[in-house]
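Okay, so here's the structure we're looking at.
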Amino acid sequence: MINPSTRSPVWQARLPFIAFLVVALAVPALLTSGFQLRLVSLICIYAILSMGFNLLYGYAGQIAMGHQGFFAIAAYAYALLQLKAGLPVLAALPLSLVICALVAVVIGVPLLRLRTHYLAMATLCFGLVISGVANRWIDVTGGTGGLLIPSITIGNKTVDRTTLYYLIVAATALVLALQNFIVSSHLGRSLQAIRDDDRAAAALGVNVAVQKLRVFVLSAVIAGLAGIGFAVVSRQVSPSMGEFPVLVSMLTIAVVGGLGTRYGPILGSIVVVIAPQFLTRFGDMETLIYGLCLLLFLIFMPHGLSGMIKSLGRALSGRLARRTPPRLAPKHAVKKGVGR
Amino acid sequence: MNTSRSATRFKLNSSLKSCWLKVAGLMTVASVAAAVAPQARAADPILICSIDDRSGAAADTGTQGYQGVMMAVDEVNAAGGIGGHQVKVVAYDGKTDPQLTATFASRCAEDDKGLVIIGGNPSAPAAAMIPVATENKIPYYMLSAGTDSLTDPPATYNFRFGPANRQDAAAITDLLVKQGFKRPAIINNSLPFGTDGARATTAALNKKNIAVVAQQTYDVNATDLSPQLTTLRDAKPDVLLVFPYAADGARVLRTAHQLDIKAPIIVSRSALLDTLRKLAGTASDGVLIPNTVDPSRPDVQKFFTALNARYGPHQPTLYPVIGYDAAKAALQVIATPVVLKAIDAGNIEDARKAFRDGTEKLTQFKGLQGEQNASYHFGPQQHHGSPDQNWYVFILVADNGTRLVKPDLSKFKPL
Amino acid sequence: MDKISVLLLAGLTNGSVYGLIGLSLSLIYGTNRVINFAQGDFVMVGAMSAILFMVTYSLPTPVALLAVIGVVLVCALALEFAVYRPLVRRGAPPLTIMIGTLAAAIIASGIALLIWGANQLYVPNILSLDPITLGPLTTNLQQLSIISAFVIFLLVTWFLLYRTSFGLCVRATGANPRVAQLMGIRSSRIVRFGFMFSAFVSGISGVLIGPLLGGQVSMGVALTVKGFMAAILGGLGSPFAAAAGGLVIGLLETFVAGYGSSLYAEPIIFLLILLVLLIRPFGLLGDFEAVRR
């Protein structure tokens, strides 16, 4: 007999993580084709991207619409370091992330003074600059055709798709663990304080500017990692990685999955990557139906899938608990948005 | 009474809610099952996938390419199919999104078990399918995507039926050299089509020692283009080369007309599309367009009559023709005994490999592109089909932009 | 000197387009602090409906214009009732409402795709496209009409906001919605006005810009982004700041293209906007917003 008041929050946090690991590791055995494996790899990659965005917006309350720029920068750095500088994968990967972090610091220090809509637009500008340059600097970036990335080789063998998938799952699990760790740590609490009211947070001793910069750089690096993963899966870098559709996907995942929740990004990514595959049967009506579904989601499930699962869980455990009210309130209730 | 009514309502509500939950659960299970379960395949039809952009920025090109493919496939199916098999086309709309296009290519190769992918008009999505084709070992016939590097060096399973940007540039350059032009000016939009075209043409002109006297880029959404055209006019060119999309091309032509630029104008393929000529009106008269489709060829005329009857009026642009030629080539290769044997045995990998080898043997495939006696030339290291000679025909715009006619090129000279 | 005047006129024309969209965006923002991702789609609907009524149904121009305005106003109401109201009623944060408008933009382009197809279409021009030469400048009536529409709408907005009591209510709602409600102002009416007037401006802009830019169902996004930039550069506080921002962007674009690199003009403009935001975080003229905070 499980009494919710004795169930510790740590166990509650670990269970979904373990469930995710189990499902992710078992997936290749369940799927029948490489196409589906590719889809699941994409889910993980978008999940990583969204976890970065989630840390920045869901937990810290800073709207940044430029993460697709970091998605592209890290991927291009990775490609160029390999193609032009001839570096091996093990060197190119961390170096690209470092480049990403540096750009994030340079952009972040001045930009994070801005608030809400202005921050959103300024970061959008940044994203547009990156995509504009990627399209026009044909000599370096290969223009719209982009650059082809050599496949990863360990020794002499090319890494096959399943191994690549496991690598991506490992990266996702790492980022997930990192996110969970941050959220339950001091940094996470100060970020949520900043989100709710940054002046009050400053009054309570939180170093707002430094924490904002930290989470910005961290989320940029996470986005960069996702970008490298995407480039490796598609074997290609192209300016489309820094353009609007990626931003729209990121925002959609945040909303569909649930803002400021731990597993929202993963749930949202599942929906956003799989949905277009189902929608192809609608032919011309696909765009319309996608928009309608998004709108319905927003209206009827404002806390996203994460919120719905939580309320379902609460409803079920409420019945199991035989009307014993839980002593601990759900720890990760979604806080309502920015700038009240 | 009240309590029982509200209790009933409560029961109804909760039973409705649980019913909804059950339905949602069933739907989720069903959709997951549908996604994961292997597709039941009819043993008979041969599958060709058409993956192109049909609703994004380059939609006309993708739609026309698809129509060309359907014309060829329907012809063959009406004649009884190939070796007893009907040919089926599975169509995906890539929406100019490279990632989505590549995912569809992957889906075609692995889920649908297609034999060949035909598609790729805008460059970025076309390029995105190349790694998928190489990795899945599925032949990929690329249509009009122009970026040179896509077939140079050639990928193992990728073949291109449309002309490359450098060939467009070479055709224009050859015409300019032949007619004695020495001071070309270029204006292009900031989208990939414009910048790529401008770059390729500048390079080709430089190779023939002709320097471009001025080059300007403009944003597609800029309504007033007089700054760029005034700069060009001040450079005193003897010919103007334009690389636009439809509406901005019309603006360029009209502004050039307004600014009294007397130099003759060559516009890239986009002028073949109706919208540009309609929006430009009289300003588009006298404009030359490089085209790989010769509208005076009787077989080309026959094709367009049939196309117009089925899909509505079309100008003789290269997009449906390339789709048609690619599909015809594919059907011809499918009809070879090696490929048919593998198909009948149900071995799709062998069929694809035989198909690829068969394509490399198409050294002299006659299609509708190019001049009457020209043909595609494919080979083991030659995956780019369009030859460098006898491929291009120039078209003149006339009658307030409504008609495309064959020009008298001797009249096209510097003023 | 000639070159500068050509650049100035072109900058004014292009800037009027961005300014009109920025003006419409900030009209909505001023009433309910929502950034409308679907603003460019109002312009698209205006342009495409012009095609529908003038070309397909061959209605006489004034009737067609009224029909276009009707369609655009219906879209505004649809946006308000289907997106804004339900989300606000459920207490959604501003980002969610913004994504709601994004969903609305996707729906609008999806419906437009079904009606008009994906290709770029010819939009009939109301005013003549024949060239008019004024010294070194050449333009045409349609382009001049854009600048005049811009000026007229600015004046109308000014008059509405600053010379009528209704405008006073609008400004009050923008300044502090709760206190305005306490004063007896029905904020729902104000919000509806915001949506409808903004859609009206955008729709008319669409009809005027359409013949120049061509009509394609996917044209909304790029215009929305430019409109955002105009509103942010000028400052979200007032419609006039946004309009001024649009002009600045238009002028910057032409001057950078004219004297600098025409290829990199667009990224340079975005970089400049970034830099301006760093120096003046609330936009060039955004003091109103700064005071509020």
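Chain labels A, B, ... are given in the sequence in which chains occur in the structure tokens; within each chain residues are numbered consecutively from 1, and ligands are likewise numbered from 1 in the order shown.
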
With only C-alpha atoms counted and 6 Å as the cut-off, give the residues of chain B in contact with chain C, each with its shortest interatomic distance in Å and the pair that gives it, as CSV.
```
residue,atom,partner,partner_atom,distance
B:Ser55,CA,C:Ala118,CA,5.0
B:Ala59,CA,C:Ala118,CA,5.8
B:Asp60,CA,C:Asn119,CA,5.6
B:Gln216,CA,C:Ser262,CA,5.9
B:Thr217,CA,C:Ser262,CA,5.0
B:Ala222,CA,C:Asn14,CA,5.7
B:Thr223,CA,C:Asn14,CA,5.6
B:Asp224,CA,C:Ala10,CA,5.1
B:Pro227,CA,C:Leu7,CA,5.4
B:Ala247,CA,C:Gly214,CA,4.8
B:Gln258,CA,C:Pro131,CA,5.4
B:Thr275,CA,C:Tyr122,CA,5.4
B:Leu279,CA,C:Tyr122,CA,5.9
```

Residues of chain B were defined as contacting chain A if any atom lay at most 9 Å from it, counting only C-alpha atoms; please report them as a PyMOL selection string.
chain B and resi 31+35-38+55+92-93+97-100+102-111+123-128+131-132+136+147+149-150+190-192+195-196

Give the answer as one residue: which of C:Phe150, C:Phe37, C:Phe166, C:Phe193 has the shortest atom-to-atom distance to chain A, using only C-alpha atoms?
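Going through C:Phe150, C:Phe37, C:Phe166, C:Phe193 one by one, the smallest distance to chain A is for C:Phe37.
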
Apply DSSP to the backbone of this structure and, from range 15-231 of chain C, keep only the residues in strand (DSSP E); write these as a PyMOL selection string.
chain C and resi 131-134+137-140

Close residues, range 67-75 of chain B itself excluded, 7 Å, only C-alpha atoms, min 3 positions apart in chain, as a VMD selection string
chain B and resid 63 to 64 78 to 79 87 320 to 321 323 to 324 327 to 328

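Atom pair CA of Val76 in chain B / CA of Thr61 in chain B: separated by 23.3 Å.
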
Select all residues from chain C having any atom no more than 8 Å from an atom of chain A (counting only C-alpha atoms, ignoring ligands), output as a ChimeraX atom specification.
/C:83,86-87,90,92-96,99-100,103-111,113-114,228-229,232,263-264,266-268,270-271,273-274,277-278,281-282

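Taking only C-alpha atoms, the non-local environment of range 159-165 of chain C within 12 Å (same-chain residues fewer than 2 positions away omitted) comprises Leu27, Gly30, Thr31, Ile152, Phe153, Leu154, Leu155, Val156, Thr157, Gly167, Leu168, Cys169, Val170, Arg171, Ala172, Thr173, Gly174, Ile185, Ile190, Phe193, Gly194, Phe197, Ser238, Pro239 and Phe240 of chain C.
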
Could you give me the residues within range 212-273 of chain B that DSSP places in helix (DSSP H, G or I), as a ChimeraX atom specification?
/B:226-234,246-258,269-272

For the residues in that selection, give me C-alpha atoms as a PDB file, in the first residue's frame.
```pdb
ATOM      1  CA  SER B 226      15.441  52.019 -57.718  1.00  0.00           C
ATOM      2  CA  PRO B 227      18.628  52.351 -55.627  1.00  0.00           C
ATOM      3  CA  GLN B 228      20.014  49.092 -56.944  1.00  0.00           C
ATOM      4  CA  LEU B 229      18.955  49.753 -60.508  1.00  0.00           C
ATOM      5  CA  THR B 230      20.215  53.326 -60.475  1.00  0.00           C
ATOM      6  CA  THR B 231      23.623  52.074 -59.373  1.00  0.00           C
ATOM      7  CA  LEU B 232      23.547  49.576 -62.213  1.00  0.00           C
ATOM      8  CA  ARG B 233      22.457  52.157 -64.712  1.00  0.00           C
ATOM      9  CA  ASP B 234      25.247  54.484 -63.666  1.00  0.00           C
ATOM     10  CA  ALA B 246       8.667  35.883 -59.759  1.00  0.00           C
ATOM     11  CA  ALA B 247       7.339  39.013 -58.081  1.00  0.00           C
ATOM     12  CA  ASP B 248      10.646  40.689 -57.391  1.00  0.00           C
ATOM     13  CA  GLY B 249      11.730  39.969 -60.945  1.00  0.00           C
ATOM     14  CA  ALA B 250       8.701  41.869 -62.134  1.00  0.00           C
ATOM     15  CA  ARG B 251       9.713  44.771 -59.934  1.00  0.00           C
ATOM     16  CA  VAL B 252      13.224  44.737 -61.365  1.00  0.00           C
ATOM     17  CA  LEU B 253      11.938  44.747 -64.912  1.00  0.00           C
ATOM     18  CA  ARG B 254       9.466  47.506 -64.271  1.00  0.00           C
ATOM     19  CA  THR B 255      11.962  49.676 -62.451  1.00  0.00           C
ATOM     20  CA  ALA B 256      14.495  49.140 -65.224  1.00  0.00           C
ATOM     21  CA  HIS B 257      11.823  50.227 -67.674  1.00  0.00           C
ATOM     22  CA  GLN B 258      10.992  53.250 -65.532  1.00  0.00           C
ATOM     23  CA  ARG B 269      14.388  30.647 -65.413  1.00  0.00           C
ATOM     24  CA  SER B 270      11.956  32.429 -63.090  1.00  0.00           C
ATOM     25  CA  ALA B 271      10.740  34.558 -65.989  1.00  0.00           C
ATOM     26  CA  LEU B 272       9.250  31.398 -67.436  1.00  0.00           C
TER      27      LEU B 272
END
```

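With distances restricted to only C-alpha atoms, A:Thr163 is the closest residue to Pro28 in chain A from A:Ser190, A:Thr172, A:Thr163, A:Ser269.
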
Would you list the contacts of Ser187 in chain C as a PDB file with N, CA and C atoms, in the first residue's frame, taking every protein, DNA or RNA residue within 8 Å and counting only C-alpha atoms, but skipping same-chain residues closer than 5 positions in sequence?
```pdb
ATOM      1  N   THR C 173      -6.229  51.881 -21.193  1.00  0.00           N
ATOM      2  CA  THR C 173      -6.133  50.427 -21.091  1.00  0.00           C
ATOM      3  C   THR C 173      -4.701  49.989 -21.322  1.00  0.00           C
ATOM      4  N   PRO C 177      -4.262  48.253 -17.400  1.00  0.00           N
ATOM      5  CA  PRO C 177      -5.586  47.671 -17.691  1.00  0.00           C
ATOM      6  C   PRO C 177      -6.493  47.590 -16.462  1.00  0.00           C
ATOM      7  N   ALA C 180      -7.861  50.940 -15.514  1.00  0.00           N
ATOM      8  CA  ALA C 180      -8.804  51.360 -16.546  1.00  0.00           C
ATOM      9  C   ALA C 180     -10.151  50.682 -16.348  1.00  0.00           C
ATOM     10  N   GLN C 181     -10.089  49.387 -16.007  1.00  0.00           N
ATOM     11  CA  GLN C 181     -11.356  48.698 -15.776  1.00  0.00           C
ATOM     12  C   GLN C 181     -12.088  49.265 -14.579  1.00  0.00           C
TER      13      GLN C 181
END
```

Near-Gly283 in chain C list (8 Å; only C-alpha atoms; drop same-chain fewer than 5 positions) as a list of chain:residue names:
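Selected residues are C:Ile232, C:Leu233, C:Gly234, C:Gly235, C:Leu236, C:Val276, C:Leu277.
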
With N, CA and C atoms retained, write the just-selected residues as a PDB file, in the first residue's frame.
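New file part28.pdb:
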```
ATOM      1  N   ILE C 232      10.142  46.833 -32.401  1.00  0.00           N
ATOM      2  CA  ILE C 232      11.133  46.759 -31.335  1.00  0.00           C
ATOM      3  C   ILE C 232      12.141  47.898 -31.451  1.00  0.00           C
ATOM      4  N   LEU C 233      12.535  48.187 -32.678  1.00  0.00           N
ATOM      5  CA  LEU C 233      13.532  49.244 -32.850  1.00  0.00           C
ATOM      6  C   LEU C 233      12.967  50.570 -32.378  1.00  0.00           C
ATOM      7  N   GLY C 234      11.734  50.828 -32.766  1.00  0.00           N
ATOM      8  CA  GLY C 234      11.146  52.086 -32.355  1.00  0.00           C
ATOM      9  C   GLY C 234      10.770  52.083 -30.890  1.00  0.00           C
ATOM     10  N   GLY C 235      10.271  50.952 -30.449  1.00  0.00           N
ATOM     11  CA  GLY C 235       9.814  50.895 -29.078  1.00  0.00           C
ATOM     12  C   GLY C 235       8.370  50.435 -29.063  1.00  0.00           C
ATOM     13  N   LEU C 236       8.080  49.436 -28.222  1.00  0.00           N
ATOM     14  CA  LEU C 236       6.725  48.891 -28.231  1.00  0.00           C
ATOM     15  C   LEU C 236       5.726  49.821 -27.570  1.00  0.00           C
ATOM     16  N   VAL C 276      21.505  48.724 -31.361  1.00  0.00           N
ATOM     17  CA  VAL C 276      20.655  49.790 -30.820  1.00  0.00           C
ATOM     18  C   VAL C 276      19.986  49.323 -29.532  1.00  0.00           C
ATOM     19  N   LEU C 277      19.518  48.063 -29.567  1.00  0.00           N
ATOM     20  CA  LEU C 277      18.846  47.561 -28.371  1.00  0.00           C
ATOM     21  C   LEU C 277      19.787  47.509 -27.182  1.00  0.00           C
TER      22      LEU C 277
END
```
